[in-house]
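Undergrad: This is the structure I have questions about; it appears just below.
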Amino acid sequence: MRTWETKMLFASVVASPKLLLQLCVSTLHFIFCALSKVCNWTAGSSKAAKSAVSSLERKVSQGTVRDAATPTSVNYHFTRKCNYKCGFCFHTAKTSFVLPLEEAERGLKLLKESGMEKINFSGGEPFLHDKGDFLGKLVQYCKVDLQLPSVSIVSNGSMIKEKWFQKYGDYLDILAISCDSFDEATNQLIGRAQGRKSHIDNLYKIRNWCKQYKVAFKINSVINTFNSDEDMTEHIVELNPVRWKVFQCLLIDGENAGETALREAERFVISDEQFQDFLNRHSSVSCLVPESNEKMRNSYLILDEYMRFLDCRQGRKDPSKSILDVGVKEAICFSGFDEKMFLKRGGKYVWSKADMKLEW
């Protein structure tokens with residue numbers, strides 16, 4: 001366009017508020033079209049994730065976004081499938097997707113390059129996929145190739161075989177087994193069981209394997225209406241875990257609460273007072289580490305099966321884009337991660353075999 005034509009157009013726009021408004025609308029339309037192309041989602045994305053993007057874009061425009069957090073400790077739920085049916089489960093089998101090994105390793109490398117020092121593998125049941133071999137290869141990759149100080153697993157224990165320890169035990173620092181009760185009938189009520197197999201007998205067997213293969217042994221328990229009055233002191237002292245994580249039953253919309261949930265956990269929920277009573281009853285157990293609902297919502301960095309960070313602050317799981325698509329720094333902005341809460345609960349400390357100096 002020639003100079004004189006440009007001047008005439010500018011003069012007409014200024015003179016006509018209506019034309020100026022039309023020009024503004026057209027410009028905004030162009031911007032939003034461009035943004036929609038940038039914000040394409042990978043498989044498994046949701047409307048909640050798109051909403052999170054819009055929220056972040058508003059924060060960017062307002063200049064209120066903080067520097068991205070460092071993913072020092074990451075919980076990677078690489079599978080949602082499980083052989084148990086715990087009624088309060090807050091990461092249910094909504095998909096059967098598992099990343100190819102090479103892609104999972106690529107994501108783990110990105111996390112290491114962004115500052116990850118500790119990785120925890122969970123599910124679902126992580127030993128279920130490929131009979132534990134997929135998990136073993138990830139554990140080995142993190143310890144040998146990435147040289148991570150701490151590699152851990154959370155499992156229900158039902159699928160673990162001694163040959164897994166023989167093959168991969170050298171690369172694992174900590175194995176946490178979920179056990180909510182030392183009464184078999186209570187475990188059956190909760191869903192922490194498979195057929196007639198004894199969950200408790202298996203717990204003791206795994207404890208012995210951990211000692212034999214020099215893997216630190218940990219216990220996780222979810223306190224709910226069926227076990228809140230139980231006294232577990234005797235068994236915990238006998239098993240002598242390096243840590244006993246005690247979680248308050250947590251509701252997550254779309255997972256264990258709400259119309260689209262695969263579980264109905266409302267009947268498992270206990271009050272803060274009941275949770276505190278349980279903690280008081282076990283105050284003599286030195287390895288006990290309590291996790292209230294408040295701590296659980298925003299002090300963990302959680303990756304789902306697509307390697308998307310999950311923001312649980314609003315009582316649901318709002319996913320980010322996958323770190324495989326946008327990198328760690330961008331994706332972690334959607335995680336809802338509270339670094340102060342993480343540090344407050346002692347999350348900065350990286351547990352490894354060498355740190356714990358256990359008497360095997």
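We name chains A, B, ... following the order of the structure tokens; residues begin at 1 in each chain, and ligands are numbered from 1 as shown.
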Find the residues of region 106-212 of chain A that sit at most 12 Å from region 227-244 of chain A; for each, write down the nearest two atoms and how far apart they are in Å, to one decimal. Count only C-alpha atoms. Sort by chain, then by number going up, and give it as CSV.
TA:
residue,atom,partner,partner_atom,distance
A:Asp173,CA,A:Val242,CA,11.5
A:Ile174,CA,A:Val242,CA,9.1
A:Leu175,CA,A:Pro241,CA,10.0
A:Ala176,CA,A:Arg243,CA,8.8
A:Ile177,CA,A:Trp244,CA,9.8
A:Ser178,CA,A:Trp244,CA,9.8
A:Cys179,CA,A:Trp244,CA,10.0
A:Asp180,CA,A:Asn227,CA,7.1
A:Ser181,CA,A:Asn227,CA,6.4
A:Phe182,CA,A:Met232,CA,7.0
A:Asp183,CA,A:Glu230,CA,9.1
A:Glu184,CA,A:Asn227,CA,11.4
A:Ala185,CA,A:Asn227,CA,10.8
A:Thr186,CA,A:Asn227,CA,7.2
A:Asn187,CA,A:Asn227,CA,9.0
A:Gln188,CA,A:Asn227,CA,11.7
A:Leu189,CA,A:Asn227,CA,10.0
A:Ile190,CA,A:Asn227,CA,9.0
A:Ile200,CA,A:His235,CA,10.0
A:Asp201,CA,A:Leu239,CA,11.6
A:Leu203,CA,A:Leu239,CA,8.9
A:Tyr204,CA,A:Leu239,CA,7.2
A:Lys205,CA,A:Leu239,CA,10.4
A:Ile206,CA,A:Leu239,CA,10.4
A:Arg207,CA,A:Leu239,CA,7.1
A:Asn208,CA,A:Leu239,CA,9.2
A:Cys210,CA,A:Pro241,CA,10.2
A:Lys211,CA,A:Pro241,CA,10.4
Undergrad: Please produce an output containing N, CA, C and O atoms for each residue in the selection, written as a compact mmCIF listing (two decimals), in the first residue's frame.
TA:
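Below you can see part.txt, which holds the result:
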# COMPACT_ATOMS: atom_id res chain seq x y z
N ASP A 173 16.55 -48.03 45.28
CA ASP A 173 16.87 -47.55 46.62
C ASP A 173 15.79 -47.88 47.64
O ASP A 173 16.08 -48.33 48.74
N ILE A 174 14.53 -47.63 47.27
CA ILE A 174 13.43 -47.78 48.22
C ILE A 174 12.24 -48.49 47.57
O ILE A 174 11.88 -48.16 46.44
N LEU A 175 11.65 -49.42 48.28
CA LEU A 175 10.41 -50.06 47.85
C LEU A 175 9.35 -49.82 48.92
O LEU A 175 9.52 -50.23 50.07
N ALA A 176 8.28 -49.13 48.56
CA ALA A 176 7.17 -48.87 49.47
C ALA A 176 6.02 -49.81 49.13
O ALA A 176 5.60 -49.89 47.98
N ILE A 177 5.52 -50.50 50.13
CA ILE A 177 4.39 -51.40 49.95
C ILE A 177 3.17 -50.81 50.66
O ILE A 177 3.24 -50.40 51.82
N SER A 178 2.05 -50.77 49.96
CA SER A 178 0.81 -50.24 50.53
C SER A 178 0.15 -51.30 51.39
O SER A 178 -0.12 -52.41 50.93
N CYS A 179 -0.11 -50.95 52.64
CA CYS A 179 -0.81 -51.84 53.55
C CYS A 179 -1.66 -50.99 54.48
O CYS A 179 -1.12 -50.17 55.25
N ASP A 180 -2.97 -51.16 54.43
CA ASP A 180 -3.88 -50.30 55.19
C ASP A 180 -4.38 -50.95 56.47
O ASP A 180 -4.99 -50.28 57.31
N SER A 181 -4.14 -52.25 56.62
CA SER A 181 -4.61 -52.93 57.82
C SER A 181 -3.84 -54.23 58.01
O SER A 181 -3.35 -54.83 57.05
N PHE A 182 -3.75 -54.64 59.29
CA PHE A 182 -3.14 -55.93 59.60
C PHE A 182 -4.21 -56.94 59.98
O PHE A 182 -3.93 -57.94 60.65
N ASP A 183 -5.41 -56.66 59.54
CA ASP A 183 -6.53 -57.58 59.66
C ASP A 183 -7.01 -57.93 58.26
O ASP A 183 -7.38 -57.04 57.48
N GLU A 184 -6.96 -59.20 57.92
CA GLU A 184 -7.29 -59.62 56.55
C GLU A 184 -8.72 -59.26 56.16
O GLU A 184 -8.98 -58.89 55.01
N ALA A 185 -9.65 -59.35 57.10
CA ALA A 185 -11.05 -59.02 56.80
C ALA A 185 -11.19 -57.55 56.44
O ALA A 185 -11.95 -57.18 55.54
N THR A 186 -10.44 -56.69 57.13
CA THR A 186 -10.47 -55.26 56.83
C THR A 186 -9.90 -54.99 55.44
O THR A 186 -10.45 -54.18 54.68
N ASN A 187 -8.81 -55.66 55.10
CA ASN A 187 -8.24 -55.50 53.75
C ASN A 187 -9.23 -55.92 52.68
O ASN A 187 -9.31 -55.29 51.62
N GLN A 188 -9.99 -56.95 52.94
CA GLN A 188 -11.01 -57.39 51.99
C GLN A 188 -12.08 -56.32 51.83
O GLN A 188 -12.54 -56.03 50.71
N LEU A 189 -12.52 -55.71 52.94
CA LEU A 189 -13.53 -54.65 52.89
C LEU A 189 -13.03 -53.45 52.10
O LEU A 189 -13.78 -52.84 51.32
N ILE A 190 -11.77 -53.13 52.28
CA ILE A 190 -11.18 -51.98 51.59
C ILE A 190 -11.00 -52.26 50.11
O ILE A 190 -11.11 -51.36 49.27
N ILE A 200 -1.03 -59.61 54.07
CA ILE A 200 -0.11 -59.42 55.20
C ILE A 200 1.08 -60.37 55.10
O ILE A 200 2.24 -59.97 55.31
N ASP A 201 0.82 -61.63 54.78
CA ASP A 201 1.92 -62.59 54.62
C ASP A 201 2.87 -62.13 53.52
O ASP A 201 4.10 -62.25 53.65
N LEU A 203 3.40 -59.07 52.61
CA LEU A 203 4.13 -57.90 53.11
C LEU A 203 5.39 -58.33 53.86
O LEU A 203 6.48 -57.77 53.64
N TYR A 204 5.27 -59.33 54.72
CA TYR A 204 6.42 -59.82 55.49
C TYR A 204 7.45 -60.47 54.56
O TYR A 204 8.66 -60.34 54.78
N LYS A 205 6.97 -61.17 53.55
CA LYS A 205 7.89 -61.82 52.60
C LYS A 205 8.71 -60.79 51.85
O LYS A 205 9.93 -60.95 51.69
N ILE A 206 8.06 -59.73 51.41
CA ILE A 206 8.76 -58.67 50.68
C ILE A 206 9.73 -57.94 51.60
O ILE A 206 10.84 -57.57 51.19
N ARG A 207 9.34 -57.76 52.86
CA ARG A 207 10.27 -57.15 53.81
C ARG A 207 11.56 -57.95 53.91
O ARG A 207 12.67 -57.37 53.94
N ASN A 208 11.47 -59.25 53.92
CA ASN A 208 12.67 -60.10 53.98
C ASN A 208 13.50 -60.00 52.71
O ASN A 208 14.74 -59.99 52.76
N CYS A 210 13.65 -57.39 50.75
CA CYS A 210 14.31 -56.07 50.78
C CYS A 210 15.58 -56.12 51.62
O CYS A 210 16.61 -55.54 51.26
N LYS A 211 15.50 -56.81 52.74
CA LYS A 211 16.68 -56.94 53.60
C LYS A 211 17.78 -57.74 52.92
O LYS A 211 18.96 -57.38 52.95
Undergrad: Name the residues in contact with Leu172 (chain A) at a cut-off of 8 Å, using only C-alpha atoms, excluding same-chain residues fewer than 3 positions from it; report them as a ChimeraX atom specification.
TA: /A:139-140,143,150-152,168-169,175,215
Undergrad: Record the distance separating CA of Thr79 (chain A) and CA of Lys131 (chain A), expressed in Å with one decimal.
TA: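 These two atoms are separated by 12.7 Å.
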Undergrad: Using backbone DSSP assignments, extract all strand (DSSP E or B) residues from region 141-243 of chain A; output them as an MDAnalysis selection string.
TA: chainID A and resid 150:155 174:178 216:223 243
Undergrad: Keeping N, CA, C and O atoms, export the residues of the selection given above as a CSV table (one decimal), in the first residue's frame.
TA:
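Written out: part16.csv:
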chain,number,residue,atom,x,y,z
A,150,SER,N,18.3,-41.1,44.0
A,150,SER,CA,17.2,-41.9,44.6
A,150,SER,C,16.2,-42.4,43.6
A,150,SER,O,15.6,-41.6,42.9
A,151,VAL,N,16.0,-43.7,43.6
A,151,VAL,CA,15.0,-44.4,42.7
A,151,VAL,C,14.1,-45.2,43.6
A,151,VAL,O,14.6,-46.1,44.4
A,152,SER,N,12.8,-45.0,43.6
A,152,SER,CA,11.9,-45.7,44.5
A,152,SER,C,10.6,-46.2,43.7
A,152,SER,O,10.3,-45.7,42.6
A,153,ILE,N,9.9,-47.1,44.3
A,153,ILE,CA,8.7,-47.7,43.8
A,153,ILE,C,7.6,-47.7,44.9
A,153,ILE,O,7.9,-48.0,46.0
A,154,VAL,N,6.4,-47.5,44.5
A,154,VAL,CA,5.2,-47.8,45.4
A,154,VAL,C,4.4,-48.9,44.7
A,154,VAL,O,4.0,-48.7,43.6
A,155,SER,N,4.1,-49.9,45.5
A,155,SER,CA,3.4,-51.1,44.9
A,155,SER,C,2.5,-51.7,46.0
A,155,SER,O,2.7,-51.5,47.2
A,174,ILE,N,14.5,-47.6,47.3
A,174,ILE,CA,13.4,-47.8,48.2
A,174,ILE,C,12.2,-48.5,47.6
A,174,ILE,O,11.9,-48.2,46.4
A,175,LEU,N,11.6,-49.4,48.3
A,175,LEU,CA,10.4,-50.1,47.8
A,175,LEU,C,9.4,-49.8,48.9
A,175,LEU,O,9.5,-50.2,50.1
A,176,ALA,N,8.3,-49.1,48.6
A,176,ALA,CA,7.2,-48.9,49.5
A,176,ALA,C,6.0,-49.8,49.1
A,176,ALA,O,5.6,-49.9,48.0
A,177,ILE,N,5.5,-50.5,50.1
A,177,ILE,CA,4.4,-51.4,49.9
A,177,ILE,C,3.2,-50.8,50.7
A,177,ILE,O,3.2,-50.4,51.8
A,178,SER,N,2.1,-50.8,50.0
A,178,SER,CA,0.8,-50.2,50.5
A,178,SER,C,0.1,-51.3,51.4
A,178,SER,O,-0.1,-52.4,50.9
A,216,ALA,N,15.8,-50.5,50.7
A,216,ALA,CA,15.1,-49.9,51.9
A,216,ALA,C,13.6,-50.2,51.8
A,216,ALA,O,13.0,-50.0,50.7
A,217,PHE,N,13.1,-50.6,52.9
A,217,PHE,CA,11.7,-51.0,52.9
A,217,PHE,C,10.8,-49.9,53.6
A,217,PHE,O,11.1,-49.4,54.7
A,218,LYS,N,9.7,-49.6,53.0
A,218,LYS,CA,8.8,-48.5,53.4
A,218,LYS,C,7.4,-49.0,53.4
A,218,LYS,O,7.0,-49.9,52.6
A,219,ILE,N,6.5,-48.5,54.2
A,219,ILE,CA,5.1,-48.9,54.2
A,219,ILE,C,4.2,-47.6,54.0
A,219,ILE,O,4.5,-46.6,54.7
A,220,ASN,N,3.2,-47.7,53.2
A,220,ASN,CA,2.2,-46.6,53.0
A,220,ASN,C,0.9,-47.1,53.5
A,220,ASN,O,0.5,-48.2,53.1
A,221,SER,N,0.2,-46.3,54.2
A,221,SER,CA,-1.2,-46.7,54.7
A,221,SER,C,-2.1,-45.5,54.5
A,221,SER,O,-1.8,-44.4,54.8
A,222,VAL,N,-3.3,-45.8,54.0
A,222,VAL,CA,-4.4,-44.8,53.8
A,222,VAL,C,-5.4,-45.0,54.9
A,222,VAL,O,-6.0,-46.1,55.0
A,223,ILE,N,-5.5,-44.0,55.7
A,223,ILE,CA,-6.4,-44.1,56.9
A,223,ILE,C,-7.8,-43.7,56.5
A,223,ILE,O,-8.0,-42.6,55.9
A,243,ARG,N,10.5,-45.8,56.8
A,243,ARG,CA,9.4,-44.8,56.9
A,243,ARG,C,8.1,-45.4,56.8
A,243,ARG,O,7.9,-46.4,56.1
Undergrad: Which residues are near region 112-126 of chain A? Cut-off 8 Å, only C-alpha atoms, ignore same chain within fewer than 3 positions. Put them as a count of residues only.
TA: 37
